[in-house]
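Raw contents of target_6.txt, compact mmCIF, C-alpha atoms:
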# COMPACT_ATOMS: atom_id res chain seq x y z
CA MET A 1 0.00 0.00 0.00
CA ALA A 2 1.46 3.32 -1.07
CA ASN A 3 1.63 6.56 0.95
CA HIS A 4 1.99 5.17 4.46
CA PRO A 5 1.21 8.01 6.87
CA GLU A 6 4.53 7.61 8.73
CA THR A 7 4.93 11.20 9.88
CA GLU A 8 1.29 11.42 10.95
CA LEU A 9 1.36 8.45 13.32
CA GLY A 10 2.72 10.51 16.22
CA PRO A 11 0.13 13.29 15.87
CA TYR A 12 -2.53 10.59 15.32
CA VAL A 13 -1.87 8.75 18.58
CA ARG A 14 -1.71 12.10 20.39
CA GLY A 15 -5.06 13.11 18.92
CA GLU A 16 -3.68 16.22 17.23
CA LEU A 17 -4.89 15.65 13.68
CA ALA A 18 -7.76 17.52 12.11
CA PRO A 19 -10.92 15.38 11.75
CA SER A 20 -10.49 14.78 8.01
CA GLU A 21 -6.82 13.87 8.42
CA ARG A 22 -7.58 11.64 11.37
CA GLU A 23 -10.25 9.85 9.39
CA ARG A 24 -7.83 9.24 6.51
CA VAL A 25 -5.12 7.82 8.83
CA ALA A 26 -7.66 5.65 10.67
CA ARG A 27 -8.86 4.17 7.38
CA HIS A 28 -5.26 3.46 6.40
CA LEU A 29 -4.51 1.75 9.70
CA GLU A 30 -7.51 -0.53 9.30
CA ALA A 31 -6.12 -1.74 6.02
CA CYS A 32 -2.38 -1.75 6.83
CA PRO A 33 -1.17 -4.06 9.63
CA ASP A 34 2.42 -2.70 9.44
CA CYS A 35 1.30 0.87 10.06
CA ARG A 36 -1.07 -0.33 12.76
CA GLN A 37 1.85 -2.02 14.50
CA ASP A 38 3.98 1.10 14.01
CA ALA A 39 1.26 3.26 15.54
CA GLU A 40 1.16 1.00 18.60
CA ARG A 41 4.94 1.20 18.95
CA VAL A 42 4.84 4.98 18.70
CA ARG A 43 2.12 5.10 21.34
CA ALA A 44 4.13 2.83 23.67
CA LEU A 45 7.32 4.79 23.12
CA LEU A 46 5.68 8.16 23.79
CA THR A 47 4.14 6.73 26.96
CA GLU A 48 7.53 5.37 28.10
CA LEU A 49 9.22 8.67 27.41
CA GLY A 50 6.50 10.64 29.15
CA HIS A 51 6.70 8.46 32.27
CA SER A 52 10.48 8.40 32.49
CA VAL A 53 11.41 12.04 32.02
CA PRO A 54 14.65 12.54 33.98
CA VAL A 55 14.27 14.83 36.95
CA ALA A 56 16.52 17.89 36.95
CA PRO A 57 18.66 18.46 40.05
CA ALA A 58 17.00 20.61 42.70
CA VAL A 59 17.52 24.36 42.72
CA ASN A 60 17.26 26.92 45.51
CA TRP A 61 14.70 29.20 43.92
CA GLY A 62 15.28 32.10 46.27
CA ARG A 63 18.95 32.12 45.32
CA TYR A 64 18.04 31.65 41.67
CA ARG A 65 15.85 34.76 41.69
CA ALA A 66 18.45 36.78 43.63
CA GLU A 67 21.11 35.86 41.05
CA LEU A 68 18.74 36.74 38.25
CA ARG A 69 18.03 40.13 39.82
CA LEU A 70 21.76 40.87 40.14
CA LYS A 71 22.40 39.86 36.54
CA LEU A 72 19.50 41.97 35.32
CA ASP A 73 20.67 45.02 37.29
CA ALA A 74 24.21 44.59 35.96
CA ARG A 75 22.92 44.30 32.39
CA ARG A 76 20.71 47.36 32.76
CA ALA A 77 23.62 49.40 34.15
CA ARG A 78 25.80 48.32 31.24
CA ARG A 79 23.14 48.95 28.65
CA ARG A 80 22.29 52.43 29.91
CA ALA A 81 23.71 54.83 27.33
CA TRP A 82 27.00 56.37 28.45
CA TRP A 83 25.84 59.85 27.52
CA SER A 84 22.84 59.62 29.79
CA ARG A 85 25.02 59.25 32.91
CA PRO A 86 25.75 62.59 34.71
CA LEU A 87 29.48 62.17 35.40
CA PRO A 88 30.58 61.07 31.93
CA LEU A 89 28.37 63.78 30.48
CA ALA A 90 30.08 66.49 32.58
CA LEU A 91 33.55 65.12 31.80
CA SER A 92 32.78 64.87 28.11
CA ALA A 93 31.42 68.41 28.00
CA SER A 94 34.54 69.73 29.80
CA LEU A 95 36.87 67.87 27.47
CA ALA A 96 34.95 69.06 24.43
CA GLY A 97 35.15 72.66 25.73
CA VAL A 98 38.92 72.46 26.26
CA LEU A 99 39.46 70.95 22.82
CA LEU A 100 37.27 73.60 21.22
CA PHE A 101 39.17 76.36 23.00
CA PHE A 102 42.53 75.09 21.76
CA ALA A 103 41.20 74.57 18.26
CA VAL A 104 39.86 78.12 18.07
CA TRP A 105 42.96 79.58 19.66
CA ASN A 106 45.27 77.75 17.26
CA GLY A 107 43.12 78.86 14.36
CA TRP A 108 43.31 82.47 15.52
CA ARG A 109 47.08 82.27 15.75
CA SER A 110 47.01 80.93 12.19
CA PRO A 111 49.04 77.81 11.57
CA GLY A 112 52.54 78.31 10.09
CA VAL A 113 53.45 81.46 12.06
CA GLU A 114 56.87 81.03 13.62
CA PRO A 115 57.18 81.63 17.35
CA MET A 116 58.40 85.12 18.17
CA THR A 117 62.15 85.50 18.83
CA PRO A 118 63.42 87.79 21.67
CA GLU A 119 64.65 90.30 19.10
CA GLU A 120 61.25 90.46 17.47
CA ALA A 121 59.72 90.91 20.87
CA ILE A 122 61.94 93.93 21.53
CA ILE A 123 61.13 95.40 18.15
CA GLY A 124 57.50 94.68 18.80
CA ARG A 125 57.64 96.78 21.92
CA ARG A 126 58.92 99.68 19.84
CA LEU A 127 56.15 99.54 17.33
CA ASP A 128 54.98 102.88 18.66
CA LEU A 129 57.66 104.27 16.40
CA LEU A 130 55.32 103.60 13.55
CA ARG A 131 53.08 106.26 14.96
CA GLN A 132 55.95 108.66 14.23
CA TYR A 133 56.37 107.40 10.71
CA SER A 134 57.68 110.74 9.47
CA VAL A 135 60.69 110.30 11.79
CA VAL A 136 61.25 106.70 10.68
CA GLU A 137 61.04 107.81 7.09
CA ARG A 138 64.02 110.09 7.67
CA LEU A 139 66.10 107.55 9.60
CA ASP A 140 68.66 107.46 6.81
CA LEU A 141 69.06 111.18 7.19
CA LEU A 142 69.50 110.76 10.91
CA GLU A 143 72.10 108.07 10.28
CA GLU A 144 73.89 110.47 7.94
CA PHE A 145 73.65 113.11 10.65
CA ASP A 146 75.32 110.66 13.07
CA VAL A 147 78.05 110.00 10.50
CA ILE A 148 78.56 113.72 9.97
CA ARG A 149 78.80 114.27 13.71
CA SER A 150 81.21 111.34 13.98
CA LEU A 151 83.26 112.82 11.14
CA ASP A 152 83.50 116.02 13.12
CA GLN A 153 84.78 114.07 16.10
CA LEU A 154 87.06 112.04 13.83
CA ALA A 155 88.39 115.25 12.30
CA GLY A 156 89.02 116.60 15.83
CA THR A 157 91.03 113.55 16.89
CA GLN A 158 93.06 113.65 13.67
CA GLU A 159 93.80 117.33 14.18
CA GLY A 160 94.76 116.68 17.84
CA MET B 1 -8.34 37.18 39.23
CA GLU B 2 -4.74 36.48 38.31
CA PRO B 3 -3.47 38.36 35.27
CA THR B 4 -2.59 36.21 32.26
CA ASP B 5 1.00 35.71 31.14
CA GLU B 6 0.32 37.91 28.12
CA VAL B 7 -0.94 40.78 30.29
CA LEU B 8 2.07 40.43 32.58
CA CYS B 9 4.40 40.54 29.60
CA GLN B 10 2.80 43.79 28.43
CA ARG B 11 3.36 45.21 31.90
CA VAL B 12 6.99 44.10 31.79
CA ALA B 13 7.28 46.06 28.55
CA ASP B 14 6.18 49.10 30.59
CA ARG B 15 8.95 48.21 33.08
CA ASP B 16 6.65 46.88 35.78
CA GLU B 17 9.09 45.06 38.06
CA ALA B 18 6.38 43.26 40.01
CA ALA B 19 4.97 41.81 36.77
CA PHE B 20 8.43 40.58 35.85
CA ASP B 21 8.88 38.92 39.25
CA LEU B 22 5.52 37.21 38.87
CA LEU B 23 6.41 35.88 35.42
CA VAL B 24 9.73 34.60 36.75
CA ALA B 25 7.97 32.85 39.62
CA ARG B 26 5.53 31.23 37.17
CA TYR B 27 8.13 30.06 34.68
CA GLN B 28 11.35 29.54 36.63
CA GLU B 29 10.86 25.80 37.16
CA ARG B 30 9.72 25.10 33.62
CA ALA B 31 12.53 27.21 32.17
CA TYR B 32 15.23 25.56 34.26
CA ARG B 33 13.84 22.05 33.65
CA LEU B 34 13.64 22.57 29.90
CA ALA B 35 17.14 24.07 29.74
CA TRP B 36 18.50 21.21 31.81
CA SER B 37 16.78 18.64 29.57
CA ILE B 38 18.53 20.09 26.55
CA LEU B 39 21.89 20.81 28.20
CA ARG B 40 22.11 18.16 30.93
CA ASN B 41 24.27 20.55 32.96
CA THR B 42 23.00 22.23 36.12
CA GLU B 43 25.15 25.38 35.92
CA ASP B 44 24.46 25.96 32.24
CA ALA B 45 20.74 25.31 32.72
CA ARG B 46 20.60 27.88 35.52
CA ASP B 47 22.62 30.46 33.58
CA LEU B 48 20.73 30.09 30.33
CA SER B 49 17.28 30.02 31.90
CA GLN B 50 18.20 33.23 33.76
CA GLU B 51 19.50 34.68 30.51
CA ALA B 52 16.16 33.85 28.89
CA PHE B 53 14.40 35.88 31.60
CA ILE B 54 16.78 38.78 31.01
CA ARG B 55 16.02 38.63 27.26
CA LEU B 56 12.34 38.53 28.12
CA TYR B 57 12.73 41.70 30.20
CA GLN B 58 14.69 43.45 27.46
CA SER B 59 12.43 42.48 24.57
CA ALA B 60 9.02 42.30 26.21
CA SER B 61 7.85 45.17 24.01
CA SER B 62 8.45 43.03 20.91
CA PHE B 63 5.95 40.41 22.12
CA ALA B 64 3.09 41.10 19.76
CA GLY B 65 0.58 38.93 21.58
CA ARG B 66 -0.30 36.94 18.48
CA ALA B 67 1.24 33.77 19.94
CA LYS B 68 0.93 32.44 23.47
CA PHE B 69 3.44 33.94 25.85
CA SER B 70 4.75 30.47 26.77
CA THR B 71 5.50 29.69 23.13
CA TRP B 72 7.32 33.00 22.67
CA PHE B 73 9.33 32.52 25.86
CA TYR B 74 10.19 28.90 25.05
CA ARG B 75 11.48 30.04 21.69
CA ILE B 76 13.91 32.44 23.40
CA LEU B 77 15.03 29.73 25.79
CA VAL B 78 15.36 26.89 23.29
CA ASN B 79 17.32 29.11 20.88
CA LEU B 80 19.71 30.04 23.68
CA CYS B 81 20.19 26.38 24.62
CA LEU B 82 20.67 25.15 21.07
CA ASP B 83 23.13 27.98 20.34
CA HIS B 84 25.01 27.13 23.51
CA ARG B 85 25.26 23.47 22.58
CA ARG B 86 26.33 24.35 19.06
CA LYS B 87 29.13 26.55 20.35
CA GLY B 88 30.09 24.79 23.55
CA ARG B 89 32.08 21.78 24.43
CA GLY B 90 29.07 20.14 26.02
CA TRP B 91 27.69 18.91 22.73
CA ARG B 92 30.93 17.20 21.77
CA LEU B 93 31.28 15.70 25.24
CA TRP B 94 27.84 14.19 25.03
CA LEU B 95 28.20 12.94 21.50
CA ARG B 96 31.49 11.17 22.23
CA ASP B 97 30.95 8.71 25.01
CA GLU B 98 33.94 10.04 26.90
CA PRO B 99 34.21 10.36 30.67
CA ASP B 100 33.40 13.77 32.06
CA PRO B 101 36.80 15.46 32.66
CA ASP B 102 35.54 16.86 35.97
CA SER B 103 33.92 13.81 37.51
CA GLY B 104 35.32 10.94 35.43
CA GLU B 105 31.78 9.57 34.94
CA SER B 106 30.78 7.96 31.66
CA LEU B 107 27.91 9.24 29.52
CA LEU B 108 25.61 6.56 30.91
CA ASP B 109 26.58 7.34 34.51
CA ARG B 110 25.90 11.03 33.96
CA GLN B 111 22.29 10.27 33.13
CA PRO B 112 19.99 11.04 36.03
CA ALA B 113 17.86 8.28 37.45
CA PRO B 114 14.61 7.99 35.52
CA PHE B 115 11.24 8.54 37.09
CA ALA B 116 11.05 6.26 40.10
CA ASP B 117 8.49 3.50 39.80
CA PRO B 118 8.59 0.88 42.58
CA VAL B 119 7.43 -1.96 40.32
CA ASP B 120 10.14 -1.34 37.75
CA ALA B 121 12.94 -3.84 37.66
CA LEU B 122 16.56 -2.82 37.34
CA GLY B 123 16.62 -3.98 33.72
CA ARG B 124 13.75 -1.70 32.83
CA GLU B 125 15.50 1.22 34.50
CA ARG B 126 18.60 0.53 32.46
CA THR B 127 16.48 0.39 29.32
CA LEU B 128 14.89 3.75 30.09
CA THR B 129 18.27 5.24 30.88
CA LYS B 130 19.54 4.02 27.52
CA LEU B 131 16.46 5.48 25.92
CA TRP B 132 17.23 8.92 27.32
CA VAL B 133 20.90 8.58 26.34
CA ALA B 134 19.58 7.95 22.84
CA VAL B 135 17.43 11.10 23.15
CA ASP B 136 20.57 13.04 24.09
CA ARG B 137 22.30 11.78 20.98
CA LEU B 138 19.57 12.91 18.60
CA ALA B 139 20.19 15.85 16.27
CA PRO B 140 19.52 19.11 18.18
CA GLN B 141 16.22 19.92 16.47
CA GLN B 142 14.91 16.35 16.85
CA ARG B 143 15.96 16.29 20.46
CA ALA B 144 14.32 19.64 21.19
CA ALA B 145 11.12 18.48 19.46
CA VAL B 146 11.00 15.28 21.53
CA ILE B 147 11.61 17.12 24.81
CA LEU B 148 9.02 19.77 24.02
CA GLN B 149 6.51 17.05 23.19
CA VAL B 150 7.00 14.47 25.93
CA GLN B 151 8.17 16.72 28.75
CA GLU B 152 6.49 20.06 28.15
CA GLU B 153 3.52 18.42 26.40
CA LEU B 154 3.44 20.98 23.62
CA THR B 155 1.37 20.25 20.54
CA THR B 156 2.90 20.01 17.08
CA PRO B 157 1.83 23.58 16.09
CA GLU B 158 3.30 24.91 19.35
CA ILE B 159 6.58 23.04 18.78
CA ALA B 160 6.65 24.48 15.26
CA ALA B 161 6.25 27.97 16.70
CA VAL B 162 9.03 27.41 19.25
CA LEU B 163 11.45 25.95 16.71
CA LYS B 164 10.34 28.48 14.08
CA CYS B 165 9.64 25.88 11.40
CA SER B 166 6.59 24.38 9.73
CA GLU B 167 4.37 21.76 11.32
CA ALA B 168 5.37 19.35 8.56
CA THR B 169 9.03 19.80 9.53
CA VAL B 170 8.22 19.09 13.18
CA ARG B 171 6.39 15.92 12.15
CA VAL B 172 9.45 14.80 10.20
CA HIS B 173 11.75 15.61 13.14
CA LEU B 174 9.56 13.63 15.51
CA HIS B 175 9.13 10.74 13.10
CA ARG B 176 12.89 10.40 12.60
CA ALA B 177 13.56 10.77 16.31
CA LEU B 178 10.98 8.10 17.24
CA ARG B 179 12.33 5.77 14.56
CA THR B 180 15.83 6.07 16.09
CA LEU B 181 14.49 5.59 19.60
CA LYS B 182 12.44 2.54 18.56
CA LYS B 183 15.61 0.94 17.21
CA THR B 184 17.33 1.68 20.53
CA MET B 185 14.53 0.01 22.44
CA GLU B 186 14.52 -3.01 20.13
CA THR B 187 18.28 -3.58 20.48
CA SER B 188 18.37 -3.14 24.23
Mind turning this structure into structure tokens?
Amino acid sequence: MANHPETELGPYVRGELAPSERERVARHLEACPDCRQDAERVRALLTELGHSVPVAPAVNWGRYRAELRLKLDARRARRRAWWSRPLPLALSASLAGVLLFFAVWNGWRSPGVEPMTPEEAIIGRRLDLLRQYSVVERLDLLEEFDVIRSLDQLAGTQEG
Amino acid sequence: MEPTDEVLCQRVADRDEAAFDLLVARYQERAYRLAWSILRNTEDARDLSQEAFIRLYQSASSFAGRAKFSTWFYRILVNLCLDHRRKGRGWRLWLRDEPDPDSGESLLDRQPAPFADPVDALGRERTLTKLWVAVDRLAPQQRAAVILQVQEELTTPEIAAVLKCSEATVRVHLHRALRTLKKTMETS
């Protein structure tokens, strides 16, 4: 007989099949002694298994729940977003502020400018000379005046 | 009137701690027993059943309520256990009939005593022990299907929902598993 309902024997003996399916399997079993025998074996095996389920070792349920609570609390603390915690938020904001300050300050100083030498610093202090630009403009004349005065002195020493 | 599991799960989604504690109290024994049946290791069964409760807490809002809560929760637990066995050394230890490195006990000795029945003879006990050793050696999906059926008494559609496969696939898993177990019984 073709199409033995092998995979339906378990659901059949457990009474899980829909009425039409159950009717079909029942008709087959009436006509097929092999399947009938198989169905009985399946029934016996399921009964044996159901009656001999190994018993799990005992557990202290109070301790079990306490452990679970600790694990859950630890997981929640870990999962809480870092930016929602007050201390990291304050530290992060401070660090960001410092970095921003240095970035802006460096940008203001413009990258590539050499550090100021002591000589430049001294000159820088005398920049008020620029306010008397007309004097600076005639510095060469003043230098010549110094030379002329020195020549006078030189002439004096030569004469002496 | 006691709230249903589904109502409690919705409350857990709203972070109701009391609802969570109540669900744990309802399911702790079943969860541990099922995990132990798949893993056959007390520590792992405790850890993974607790992990299943943590996952339940974290993902309670994703429980749509279309399925029974128990089916949804068993799916979380069974997936954790099967993943653990796939990754862990436990699976290999059980498949090879090697002594446990910690206790030195053989695979057969590590089996717990079957359900105590005073009229059972020693030979019958040995037969049942061998039967459950054979259950342990089944392919993971077949083994899970058998345990869910005979221990948790889930129906085929419920097992299909837990294992996330079709009912036809569950029937094939169970048929193959029972065929293997029948052979074990016949040879013992």
When distances are computed from all atoms listed in the file, which of B:Ala35, B:Leu48, B:Ala25, B:Val150 shows the smallest separation from chain A?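 Checking each of B:Ala35, B:Leu48, B:Ala25, B:Val150 against chain A, counting all atoms listed in the file, the winner is B:Val150.
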Give me, please, the distance in Å between atom CA of B:Leu163 and atom CA of B:Ala67, quoted to one decimal.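 Going from atom CA of B:Leu163 over to atom CA of B:Ala67, I get 13.3 Å.
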Would you compute the distance between atom CA of B:Leu8 and atom CA of B:Phe20? Give it in Å to one decimal. 7.2 Å
Counting all atoms listed in the file, what is within 7 Å of stretch 79-82 of chain B, bar same-chain residues fewer than 3 positions away, as a PyMOL selection string? chain B and resi 35+38-39+48+75-76+85-86+140
To one decimal in Å, tell me the separation between atom CA of B:Glu186 and atom CA of B:Ile147.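 Distance reported for this atom pair: 20.9 Å.
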May I have the residues within 9 Å of stretch 59-67 of chain A as a PyMOL selection string, using all atoms listed in the file and disregarding those fewer than 5 positions away in the same chain? (chain A and resi 72) or (chain B and resi 21+24-25+28-29+32+42+46+50)
